[in-house]
>>> print(open('my_file-v3.tsv').read())   # TSV, C-alpha atoms
chain	number	residue	atom	x	y	z
A	1	MET	CA	-31.52	31.44	-9.53
A	2	SER	CA	-32.01	34.98	-8.21
A	3	TYR	CA	-31.69	38.11	-10.28
A	4	LEU	CA	-31.09	41.66	-9.16
A	5	ALA	CA	-32.06	44.50	-11.46
A	6	TRP	CA	-32.70	48.18	-11.08
A	7	ILE	CA	-33.94	51.04	-13.23
A	8	ASP	CA	-32.26	54.07	-11.80
A	9	PHE	CA	-29.76	56.53	-13.17
A	10	ASP	CA	-28.61	57.83	-9.81
A	11	PRO	CA	-24.85	57.09	-9.46
A	12	GLU	CA	-25.13	56.36	-5.75
A	13	GLU	CA	-27.92	53.84	-6.32
A	14	ARG	CA	-25.87	52.15	-9.02
A	15	ARG	CA	-22.88	51.97	-6.67
A	16	ARG	CA	-24.93	50.40	-3.89
A	17	ALA	CA	-26.46	47.84	-6.22
A	18	GLN	CA	-23.07	46.97	-7.72
A	19	THR	CA	-21.66	46.50	-4.23
A	20	LEU	CA	-24.45	44.05	-3.52
A	21	ILE	CA	-23.74	42.09	-6.70
A	22	ASP	CA	-20.01	41.97	-5.90
A	23	LEU	CA	-20.75	40.44	-2.52
A	24	PHE	CA	-22.29	37.42	-4.22
A	25	LYS	CA	-19.53	37.08	-6.78
A	26	GLU	CA	-16.93	36.23	-4.16
A	27	PRO	CA	-18.59	34.57	-1.16
A	28	GLU	CA	-16.35	33.75	1.75
A	29	ALA	CA	-15.08	30.20	1.69
A	30	ARG	CA	-15.04	29.76	5.47
A	31	ASP	CA	-16.93	26.87	7.02
A	32	GLU	CA	-19.43	28.99	8.95
A	33	LEU	CA	-21.69	26.18	10.21
A	34	GLY	CA	-19.22	23.33	10.57
A	35	LEU	CA	-20.08	21.43	7.39
A	36	GLY	CA	-16.47	20.61	6.59
A	37	THR	CA	-16.16	17.11	8.06
A	38	ILE	CA	-18.68	15.52	5.70
A	39	ARG	CA	-17.56	17.73	2.82
A	40	ASP	CA	-13.92	16.66	3.21
A	41	GLY	CA	-14.78	13.03	3.85
A	42	LEU	CA	-16.74	12.74	0.61
A	43	ALA	CA	-14.09	14.70	-1.28
A	44	ASP	CA	-11.36	12.33	-0.07
A	45	LEU	CA	-13.38	9.34	-1.26
A	46	LEU	CA	-14.19	10.86	-4.64
A	47	PHE	CA	-10.99	12.77	-5.42
A	48	PRO	CA	-8.14	11.57	-3.16
A	49	GLY	CA	-4.91	13.54	-3.22
A	50	THR	CA	-6.60	16.79	-4.23
A	51	SER	CA	-7.20	19.98	-2.29
A	52	THR	CA	-9.05	23.19	-3.07
A	53	ILE	CA	-5.84	25.22	-3.17
A	54	GLN	CA	-4.06	23.06	-5.71
A	55	THR	CA	-3.82	24.61	-9.15
A	56	ARG	CA	-2.25	22.36	-11.80
A	57	LEU	CA	-1.35	18.69	-11.84
A	58	ARG	CA	2.25	19.14	-12.99
A	59	TYR	CA	3.08	20.51	-9.54
A	60	MET	CA	2.86	16.85	-8.45
A	61	LEU	CA	6.11	16.47	-10.42
A	62	PHE	CA	7.57	19.93	-9.91
A	63	ILE	CA	7.82	19.42	-6.15
A	64	PRO	CA	9.72	16.09	-6.27
A	65	TRP	CA	12.05	17.60	-8.87
A	66	VAL	CA	12.71	20.62	-6.65
A	67	TYR	CA	13.42	18.39	-3.66
A	68	ARG	CA	15.63	16.02	-5.62
A	69	GLU	CA	17.71	19.00	-6.71
A	70	ALA	CA	17.96	20.31	-3.13
A	71	GLN	CA	18.83	16.83	-1.83
A	72	SER	CA	21.68	16.59	-4.32
A	73	ARG	CA	23.53	19.47	-2.65
A	74	LYS	CA	26.36	18.54	-0.27
A	75	THR	CA	25.46	20.82	2.60
A	76	SER	CA	23.49	20.86	5.86
A	77	GLN	CA	19.79	20.20	6.25
A	78	ALA	CA	19.20	23.86	7.16
A	79	GLU	CA	20.94	24.99	3.98
A	80	ARG	CA	18.95	22.54	1.87
A	81	VAL	CA	15.72	24.00	3.32
A	82	VAL	CA	16.81	27.43	2.08
A	83	ILE	CA	17.88	25.98	-1.27
A	84	ALA	CA	14.52	24.24	-1.78
A	85	ARG	CA	12.64	27.42	-0.93
A	86	ASN	CA	14.68	29.44	-3.41
A	87	LEU	CA	14.22	26.80	-6.08
A	88	GLU	CA	10.46	27.07	-5.67
A	89	PHE	CA	10.72	30.79	-6.34
A	90	ASP	CA	12.91	30.05	-9.36
A	91	LEU	CA	10.25	27.63	-10.57
A	92	SER	CA	7.59	30.34	-10.36
A	93	GLU	CA	9.76	32.65	-12.45
A	94	ALA	CA	10.38	29.86	-14.97
A	95	LEU	CA	6.63	29.29	-15.32
A	96	LEU	CA	6.09	32.99	-15.97
A	97	GLU	CA	8.94	32.92	-18.48
A	98	GLY	CA	7.22	29.96	-20.13
A	99	GLY	CA	4.09	32.00	-20.71
A	100	GLU	CA	2.00	30.83	-17.79
A	101	ARG	CA	-0.01	33.43	-15.89
A	102	ASP	CA	-2.94	31.77	-14.20
A	103	ASP	CA	-2.35	29.06	-11.58
A	104	VAL	CA	1.29	29.96	-10.88
A	105	ILE	CA	1.67	29.70	-7.11
A	106	GLY	CA	3.49	32.79	-5.91
A	107	ARG	CA	2.88	34.81	-9.08
A	108	LEU	CA	1.80	37.88	-7.15
A	109	ALA	CA	3.47	37.42	-3.77
A	110	GLY	CA	6.90	36.50	-5.09
A	111	LYS	CA	9.38	35.85	-2.28
A	112	ASP	CA	6.84	37.11	0.26
A	113	LEU	CA	4.76	34.00	-0.39
A	114	LYS	CA	3.67	32.44	2.91
A	115	ARG	CA	2.50	29.05	1.69
A	116	LEU	CA	4.83	27.42	-0.79
A	117	ALA	CA	3.65	25.08	-3.52
A	118	SER	CA	5.40	22.20	-1.72
A	119	SER	CA	3.12	22.62	1.32
A	120	VAL	CA	0.05	22.82	-0.93
A	121	TYR	CA	0.85	19.49	-2.61
A	122	TRP	CA	2.74	17.65	0.15
A	123	ALA	CA	-0.19	15.62	1.49
A	124	GLY	CA	-1.41	14.77	-2.02
A	125	LEU	CA	2.05	13.50	-2.95
A	126	LYS	CA	1.81	10.97	-0.12
A	127	THR	CA	-1.79	10.01	-0.87
A	128	LEU	CA	-0.91	9.17	-4.47
A	129	GLY	CA	2.30	7.41	-3.47
A	130	ILE	CA	4.56	9.83	-5.34
A	131	ARG	CA	6.53	10.35	-2.15
A	132	THR	CA	6.92	7.04	-0.39
A	133	LEU	CA	8.39	8.13	2.93
A	134	ALA	CA	6.40	9.75	5.71
A	135	GLY	CA	7.57	13.07	7.11
A	136	ASN	CA	7.45	16.78	6.49
A	137	GLN	CA	9.49	18.81	4.03
A	138	ALA	CA	12.32	19.38	6.50
A	139	THR	CA	12.53	15.64	7.15
A	140	PHE	CA	13.03	14.97	3.45
A	141	LEU	CA	15.74	17.60	3.25
A	142	SER	CA	17.66	15.88	6.02
A	143	TYR	CA	18.62	13.28	3.40
A	144	GLY	CA	21.52	14.51	1.32
A	145	PRO	CA	23.67	12.84	-1.35
A	146	GLU	CA	25.62	10.80	1.18
A	147	SER	CA	22.61	9.23	2.92
A	148	LEU	CA	20.87	8.62	-0.39
A	149	LYS	CA	23.67	6.29	-1.45
A	150	ASP	CA	21.77	3.68	0.55
A	151	HIS	CA	19.61	2.27	-2.24
A	152	ASP	CA	17.16	0.79	0.27
A	153	LEU	CA	16.06	4.32	1.18
A	154	LYS	CA	13.27	5.19	-1.22
A	155	LEU	CA	11.92	8.72	-0.97
A	156	TRP	CA	10.05	8.87	-4.27
A	157	ALA	CA	8.04	6.40	-6.33
A	158	ALA	CA	9.83	4.19	-8.80
A	159	GLY	CA	9.50	5.49	-12.32
A	160	LEU	CA	9.35	9.16	-11.34
A	161	PRO	CA	10.26	10.94	-14.60
A	162	GLU	CA	13.47	12.94	-14.77
A	163	ALA	CA	13.21	16.71	-14.49
A	164	PRO	CA	13.56	18.64	-17.75
A	165	ASP	CA	16.82	20.52	-18.21
A	166	ASN	CA	15.04	23.88	-18.36
A	167	LEU	CA	12.99	23.36	-15.17
A	168	PHE	CA	14.24	26.51	-13.46
A	169	LYS	CA	14.60	28.59	-16.61
A	170	LYS	CA	11.51	28.25	-18.78
A	171	ILE	CA	8.72	25.73	-18.19
A	172	ASP	CA	4.96	25.37	-18.53
A	173	PHE	CA	2.12	23.30	-17.08
A	174	ARG	CA	1.59	20.96	-20.01
A	175	LEU	CA	2.51	17.39	-19.16
A	176	ARG	CA	4.69	15.17	-21.35
A	177	GLU	CA	3.64	11.66	-22.33
A	178	LYS	CA	5.92	9.90	-19.82
A	179	GLU	CA	4.70	12.21	-17.08
A	180	ILE	CA	1.07	11.48	-17.89
A	181	ALA	CA	1.72	7.74	-17.88
A	182	PHE	CA	3.41	8.02	-14.47
A	183	LEU	CA	0.59	10.08	-12.94
A	184	ARG	CA	-2.09	7.78	-14.34
A	185	ASP	CA	-0.23	4.84	-12.82
A	186	ARG	CA	-0.05	6.55	-9.42
A	187	ILE	CA	-3.78	7.35	-9.47
A	188	ALA	CA	-4.66	3.80	-10.53
A	189	ALA	CA	-2.39	2.28	-7.87
A	190	LYS	CA	-3.35	4.46	-4.92
A	191	ALA	CA	-6.87	5.66	-5.76
A	192	LYS	CA	-8.21	2.77	-7.80
A	193	ALA	CA	-11.77	2.81	-6.43
A	194	SER	CA	-12.15	6.58	-6.61
A	195	LEU	CA	-14.13	8.62	-9.09
A	196	LEU	CA	-10.87	10.40	-9.92
A	197	ASN	CA	-9.43	7.15	-11.28
A	198	GLU	CA	-12.64	6.10	-13.04
A	199	LEU	CA	-12.67	9.39	-14.92
A	200	ALA	CA	-8.91	9.47	-15.52
A	201	VAL	CA	-9.01	6.23	-17.50
A	202	LYS	CA	-11.49	7.85	-19.90
A	203	GLU	CA	-8.68	10.08	-21.17
A	204	LYS	CA	-10.91	13.06	-21.76
A	205	ALA	CA	-11.65	16.46	-20.27
A	206	PHE	CA	-14.88	17.24	-18.44
A	207	LYS	CA	-16.85	20.48	-18.57
A	208	ASP	CA	-19.66	19.58	-16.17
A	209	ASP	CA	-20.24	22.19	-13.47
A	210	TRP	CA	-20.82	19.55	-10.78
A	211	PRO	CA	-19.45	16.02	-10.40
A	212	TRP	CA	-22.94	14.50	-10.15
A	213	GLU	CA	-23.70	15.87	-13.62
A	214	VAL	CA	-21.09	13.60	-15.22
A	215	SER	CA	-23.19	11.17	-17.26
A	216	ASP	CA	-20.61	8.48	-18.00
A	217	ASP	CA	-22.37	5.14	-17.52
A	218	SER	CA	-19.17	3.36	-16.45
A	219	ILE	CA	-19.07	5.08	-13.05
A	220	SER	CA	-19.33	2.41	-10.36
A	221	ASP	CA	-22.40	1.98	-8.18
A	222	THR	CA	-20.34	2.96	-5.14
A	223	ASN	CA	-19.27	6.24	-6.66
A	224	ARG	CA	-22.78	6.93	-7.92
A	225	THR	CA	-23.96	6.50	-4.33
A	226	LEU	CA	-21.28	8.90	-3.12
A	227	LEU	CA	-22.26	11.42	-5.78
A	228	ARG	CA	-25.90	11.18	-4.77
A	229	HIS	CA	-24.91	11.84	-1.17
A	230	ALA	CA	-22.73	14.74	-2.32
A	231	GLU	CA	-25.46	16.34	-4.41
A	232	ARG	CA	-27.99	16.14	-1.59
A	233	TYR	CA	-25.56	17.40	1.02
A	234	SER	CA	-24.40	20.30	-1.15
A	235	THR	CA	-27.93	21.38	-2.00
A	236	VAL	CA	-29.69	20.76	1.31
A	237	MET	CA	-27.06	22.31	3.56
A	238	HIS	CA	-26.80	25.35	1.30
A	239	GLY	CA	-30.21	26.30	2.63
A	240	ALA	CA	-28.83	26.50	6.16
A	241	LEU	CA	-26.14	28.93	4.97
A	242	LEU	CA	-28.73	31.04	3.15
A	243	LEU	CA	-30.82	31.27	6.30
A	244	TYR	CA	-27.72	32.13	8.33
A	245	ASN	CA	-26.89	35.01	6.00
A	246	LEU	CA	-30.51	36.17	5.95
A	247	LEU	CA	-30.51	36.31	9.75
A	248	LEU	CA	-27.27	38.31	9.66
A	249	ALA	CA	-28.72	40.70	7.09
A	250	GLN	CA	-31.87	41.19	9.18
A	251	ARG	CA	-29.82	41.86	12.28
A	252	ALA	CA	-27.60	44.30	10.36
A	253	ALA	CA	-30.69	46.10	9.05
A	254	GLN	CA	-31.82	46.69	12.62
A	255	ARG	CA	-28.63	48.63	13.37
A	256	PRO	CA	-28.95	51.76	11.19
A	257	ASN	CA	-26.06	53.52	12.91
A	258	ALA	CA	-23.57	50.76	12.14
A	259	LYS	CA	-20.57	51.80	10.05
A	260	ARG	CA	-21.15	49.08	7.49
A	261	HIS	CA	-24.11	47.29	5.88
A	262	GLY	CA	-25.96	50.27	4.53
A	263	ASP	CA	-27.26	47.81	1.93
A	264	ALA	CA	-28.63	45.38	4.52
A	265	GLY	CA	-32.22	45.96	3.39
A	266	GLU	CA	-31.33	44.91	-0.16
A	267	LEU	CA	-29.44	41.92	1.19
A	268	VAL	CA	-32.53	40.80	3.10
A	269	LYS	CA	-34.62	40.92	-0.07
A	270	ASP	CA	-32.03	39.02	-2.07
A	271	TYR	CA	-31.58	36.29	0.53
A	272	ARG	CA	-35.33	35.81	0.72
A	273	SER	CA	-35.38	35.33	-3.05
A	274	ARG	CA	-32.46	32.92	-2.95
A	275	ILE	CA	-34.15	30.86	-0.24
A	276	GLU	CA	-37.25	30.56	-2.41
A	277	ASP	CA	-35.11	29.37	-5.30
A	278	TRP	CA	-33.42	26.87	-2.97
A	279	ARG	CA	-36.77	25.50	-1.82
A	280	GLY	CA	-37.62	24.85	-5.46
A	281	GLU	CA	-34.59	22.56	-5.76
A	282	LEU	CA	-35.62	20.24	-2.93
A	283	ASP	CA	-38.33	18.20	-4.66
A	284	ARG	CA	-35.97	16.51	-7.13
A	285	LEU	CA	-33.70	15.29	-4.33
A	286	ALA	CA	-36.14	12.84	-2.72
A	287	ILE	CA	-34.83	13.88	0.68
A	288	LYS	CA	-37.23	11.65	2.61
A	289	GLN	CA	-35.49	8.63	1.05
A	290	TRP	CA	-32.01	9.90	1.94
A	291	ASP	CA	-30.18	7.32	4.06
A	292	LEU	CA	-28.14	9.54	6.37
A	293	ASP	CA	-26.74	6.56	8.25
A	294	ASP	CA	-25.16	5.41	4.99
A	295	LEU	CA	-23.69	8.87	4.46
A	296	PHE	CA	-22.24	8.86	7.97
A	297	ARG	CA	-20.80	5.36	7.45
A	298	HIS	CA	-18.95	6.45	4.32
A	299	VAL	CA	-17.50	9.50	6.06
A	300	GLY	CA	-16.58	7.32	9.05
A	301	ASN	CA	-14.35	5.26	6.76
A	302	THR	CA	-12.13	8.29	6.18
A	303	SER	CA	-9.77	10.17	8.47
A	304	HIS	CA	-12.47	12.80	9.09
A	305	LYS	CA	-14.36	12.06	12.27
A	306	LEU	CA	-17.89	13.36	12.60
A	307	THR	CA	-18.74	14.71	16.05
A	308	GLY	CA	-22.10	14.21	17.74
A	309	PRO	CA	-23.09	17.90	17.50
A	310	SER	CA	-22.22	17.99	13.79
A	311	ARG	CA	-24.24	14.86	13.16
A	312	ASP	CA	-27.20	16.25	15.10
A	313	PHE	CA	-27.09	19.53	13.18
A	314	VAL	CA	-27.15	17.75	9.83
A	315	ILE	CA	-30.00	15.46	10.92
A	316	GLY	CA	-31.98	18.42	12.24
A	317	TRP	CA	-31.55	20.49	9.11
A	318	VAL	CA	-32.36	17.58	6.79
A	319	GLU	CA	-35.63	17.07	8.70
A	320	ILE	CA	-36.51	20.71	8.04
A	321	ALA	CA	-35.66	20.37	4.35
A	322	ALA	CA	-37.59	17.10	4.06
A	323	ARG	CA	-40.82	18.85	4.96
A	324	GLY	CA	-40.19	21.44	2.26
A	325	ALA	CA	-38.81	24.17	4.54
A	326	PRO	CA	-41.96	26.34	4.31
A	327	ASN	CA	-41.70	29.91	5.65
A	328	LEU	CA	-38.08	29.32	6.59
A	329	GLU	CA	-37.37	32.76	8.01
A	330	SER	CA	-40.24	32.40	10.49
A	331	ASP	CA	-39.53	28.74	11.26
A	332	LEU	CA	-38.49	28.91	14.92
A	333	GLN	CA	-36.99	25.41	14.83
A	334	ALA	CA	-34.80	26.27	11.83
A	335	ILE	CA	-33.74	29.63	13.29
A	336	ASP	CA	-32.93	28.09	16.67
A	337	LEU	CA	-30.95	25.30	15.01
A	338	VAL	CA	-28.77	27.78	13.10
A	339	HIS	CA	-28.42	30.07	16.14
A	340	ARG	CA	-27.29	27.25	18.41
A	341	ARG	CA	-24.90	25.86	15.82
A	342	GLU	CA	-23.16	29.16	15.17
A	343	ARG	CA	-23.00	30.02	18.86
A	344	ALA	CA	-21.46	26.64	19.69
A	345	LEU	CA	-18.83	27.01	16.96
A	346	LYS	CA	-17.94	30.69	17.31
A	347	ARG	CA	-18.78	31.57	20.92
A	348	ALA	CA	-17.56	35.16	21.46
A	349	LYS	CA	-17.16	35.56	17.70
A	350	SER	CA	-20.78	34.69	16.97
A	351	ARG	CA	-22.20	37.23	14.55
A	352	LEU	CA	-25.75	36.38	15.52
A	353	CYS	CA	-25.02	37.23	19.15
A	354	HIS	CA	-22.38	39.96	19.16
A	355	ASP	CA	-22.17	43.28	17.35
A	356	ALA	CA	-18.41	43.50	16.76
A	357	PRO	CA	-18.19	40.27	14.70
A	358	LEU	CA	-21.31	41.31	12.78
A	359	GLU	CA	-19.64	44.60	11.89
A	360	ARG	CA	-16.87	42.58	10.20
A	361	TRP	CA	-19.34	40.52	8.15
A	362	SER	CA	-18.79	41.00	4.42
A	363	GLY	CA	-22.45	40.53	3.51
A	364	ALA	CA	-22.05	37.05	2.02
A	365	SER	CA	-20.47	34.51	4.31
A	366	GLY	CA	-19.70	30.88	3.45
A	367	LEU	CA	-22.07	30.81	0.49
A	368	ALA	CA	-19.92	28.87	-1.96
A	369	ARG	CA	-21.80	25.72	-2.93
A	370	LEU	CA	-19.93	22.57	-1.95
A	371	ASP	CA	-18.41	20.85	-4.99
A	372	PHE	CA	-16.14	18.44	-3.09
A	373	ARG	CA	-12.99	19.65	-4.91
A	374	TRP	CA	-14.52	18.96	-8.32
A	375	LYS	CA	-13.07	22.15	-9.83
A	376	THR	CA	-9.57	21.02	-8.84
A	377	ALA	CA	-10.15	17.45	-10.00
A	378	ARG	CA	-11.68	18.61	-13.29
A	379	LYS	CA	-8.61	20.73	-14.02
A	380	HIS	CA	-6.28	17.84	-13.16
A	381	LEU	CA	-8.24	15.52	-15.46
A	382	GLY	CA	-7.92	18.08	-18.22
A	383	ASP	CA	-4.16	18.23	-17.66
A	384	LEU	CA	-3.96	14.47	-18.15
A	385	VAL	CA	-5.19	14.79	-21.74
A	386	ASP	CA	-3.44	18.05	-22.69
A	387	VAL	CA	-0.22	16.52	-23.94
A	388	ALA	CA	2.65	18.83	-24.80
>>> encode(input="my_file-v3.tsv", output="structure tokens")
Amino acid sequence: MSYLAWIDFDPEERRRAQTLIDLFKEPEARDELGLGTIRDGLADLLFPGTSTIQTRLRYMLFIPWVYREAQSRKTSQAERVVIARNLEFDLSEALLEGGERDDVIGRLAGKDLKRLASSVYWAGLKTLGIRTLAGNQATFLSYGPESLKDHDLKLWAAGLPEAPDNLFKKIDFRLREKEIAFLRDRIAAKAKASLLNELAVKEKAFKDDWPWEVSDDSISDTNRTLLRHAERYSTVMHGALLLYNLLLAQRAAQRPNAKRHGDAGELVKDYRSRIEDWRGELDRLAIKQWDLDDLFRHVGNTSHKLTGPSRDFVIGWVEIAARGAPNLESDLQAIDLVHRRERALKRAKSRLCHDAPLERWSGASGLARLDFRWKTARKHLGDLVDVA
């Protein structure tokens, strides 16, 4: 871990140092070097039905309840779309009325919200078999009370609990016993082999920072293998992102007349320190024994297809890490690998090649360590044991 300290009572120096610290508090979440295919493939295997923008598990029930209410209205499909949207806003208000503050989708944006909770959870509802019919939200709202008289038309899983009477008045995120039983059943039925299911049956909350730190000895060999792949991938590829940001900081430091990045010199120092810390993590990973073909096979069994250039980039960077990544910032092979990767992905928007994109660089780009949706899954697992 890197530390930044200063002994200086000059207000301007304090401001500059605080700005630097703030950059590392909120690194951009964008996939700067195209690492997302393997990240998402492993996440789908470990924690199916989740996404990084999900907040609380009870939304997996809120959305079907909202849509059932909209589908009960005798009106046109277009009107039901409007009704469902308004009900989602009513739900947000009901959650606030129920004392919830964090995790309420739309809490700040209100009716200006661009991405509704239904779109956030829609794919997960299908993955876990809570919605049983394919199609988008509008498709579901084409079925009104008349068409739903056909009992052979099943839109939602059998056993879906009934909505509480106060759903759109005052509600909270805590699940009820019947709701927990239903969600556990869906996870067991549709994600039986996943780590999500193996941990859900434990009926406990987890505080581990990373999924590979979970020490439960009942985790299957397959999931232990996936976790080992995930830990190596998260750690090893983080070094490529550190080098990328160091190269950006060095390039920014060479442009003293630029409007931004007056702290580029401090950024260079900090990234050098972070790279040294990263190098210290490599020994425990036994990278030379890492079977990348096995990793690629697992990802190939998902809907995420790994391209040749992505595969080559990963192989190339792992080779650099396997030899200990000495003198990384002067390693021409490592620098060229990152340069070519960013240029291929961004083209005219390449920050390493063009000044205008560099000027828009925040100072810390794509540095969030990959956790494969563990933070979301961990919160969902906690919801399954927090019975109202």
>>> residues_around(input="my_file-v3.tsv", residues="Thr75 of chain A", least_positions_apart="3", cutoff="8 Å", atoms="only C-alpha atoms", output="list in words")
Glu79, Arg80 and Gly144 of chain A
>>> residues_near_point(input="my_file-v3.tsv", point="(-16.2, 4.6, -5.5)", cutoff="7 Å", atoms="only C-alpha atoms", output="number ranges by chain")
A: 45-46, 193-195, 220, 222-223
>>> atom_distance(input="my_file-v3.tsv", atom1="atom CA of Thr132 of chain A", atom2="atom CA of Asp185 of chain A")
14.5 Å
>>> residues_around(input="my_file-v3.tsv", residues="segment 259-270 of chain A", least_positions_apart="6", cutoff="7 Å", atoms="all atoms listed in the file", output="PyMOL selection string")
chain A and resi 16+246+249-250+252-253+359
>>> closest_residue(input="my_file-v3.tsv", among="A:Thr55, A:Cys353, A:Ser142, A:Met60", to="Ser72 of chain A", atoms="all atoms listed in the file")
A:Ser142
>>> residues_around(input="my_file-v3.tsv", residues="Ala189 of chain A", least_positions_apart="2", cutoff="12 Å", atoms="all atoms listed in the file", output="list in words")
Pro48, Thr127, Leu128, Gly129, Ile130, Ala157, Phe182, Leu183, Arg184, Asp185, Arg186, Ile187, Ala191, Lys192, Ala193, Ser194, Leu196 and Asn197 of chain A
>>> closest_residue(input="my_file-v3.tsv", among="A:Ala188, A:Gln289, A:Leu243, A:Ser303", to="Asp336 of chain A", atoms="all atoms listed in the file")
A:Leu243
>>> residues_around(input="my_file-v3.tsv", residues="Ile219 of chain A", least_positions_apart="2", cutoff="8 Å", atoms="all atoms listed in the file", output="JSON, numbers by chain")
{"A": [195, 198, 199, 216, 217, 221, 223, 224]}
>>> atom_distance(input="my_file-v3.tsv", atom1="atom CA of Trp210 of chain A", atom2="atom CA of Asp277 of chain A")
18.2 Å
>>> atom_distance(input="my_file-v3.tsv", atom1="atom CA of Trp374 of chain A", atom2="atom CA of Arg323 of chain A")
29.5 Å
>>> residues_around(input="my_file-v3.tsv", residues="Pro164 of chain A", least_positions_apart="4", cutoff="10 Å", atoms="all atoms listed in the file", output="ChimeraX atom specification")
/A:62,65,168,170-171
>>> closest_residue(input="my_file-v3.tsv", among="A:Leu42, A:Gly36, A:Leu61, A:Lys74", to="Ser310 of chain A", atoms="only C-alpha atoms")
A:Gly36
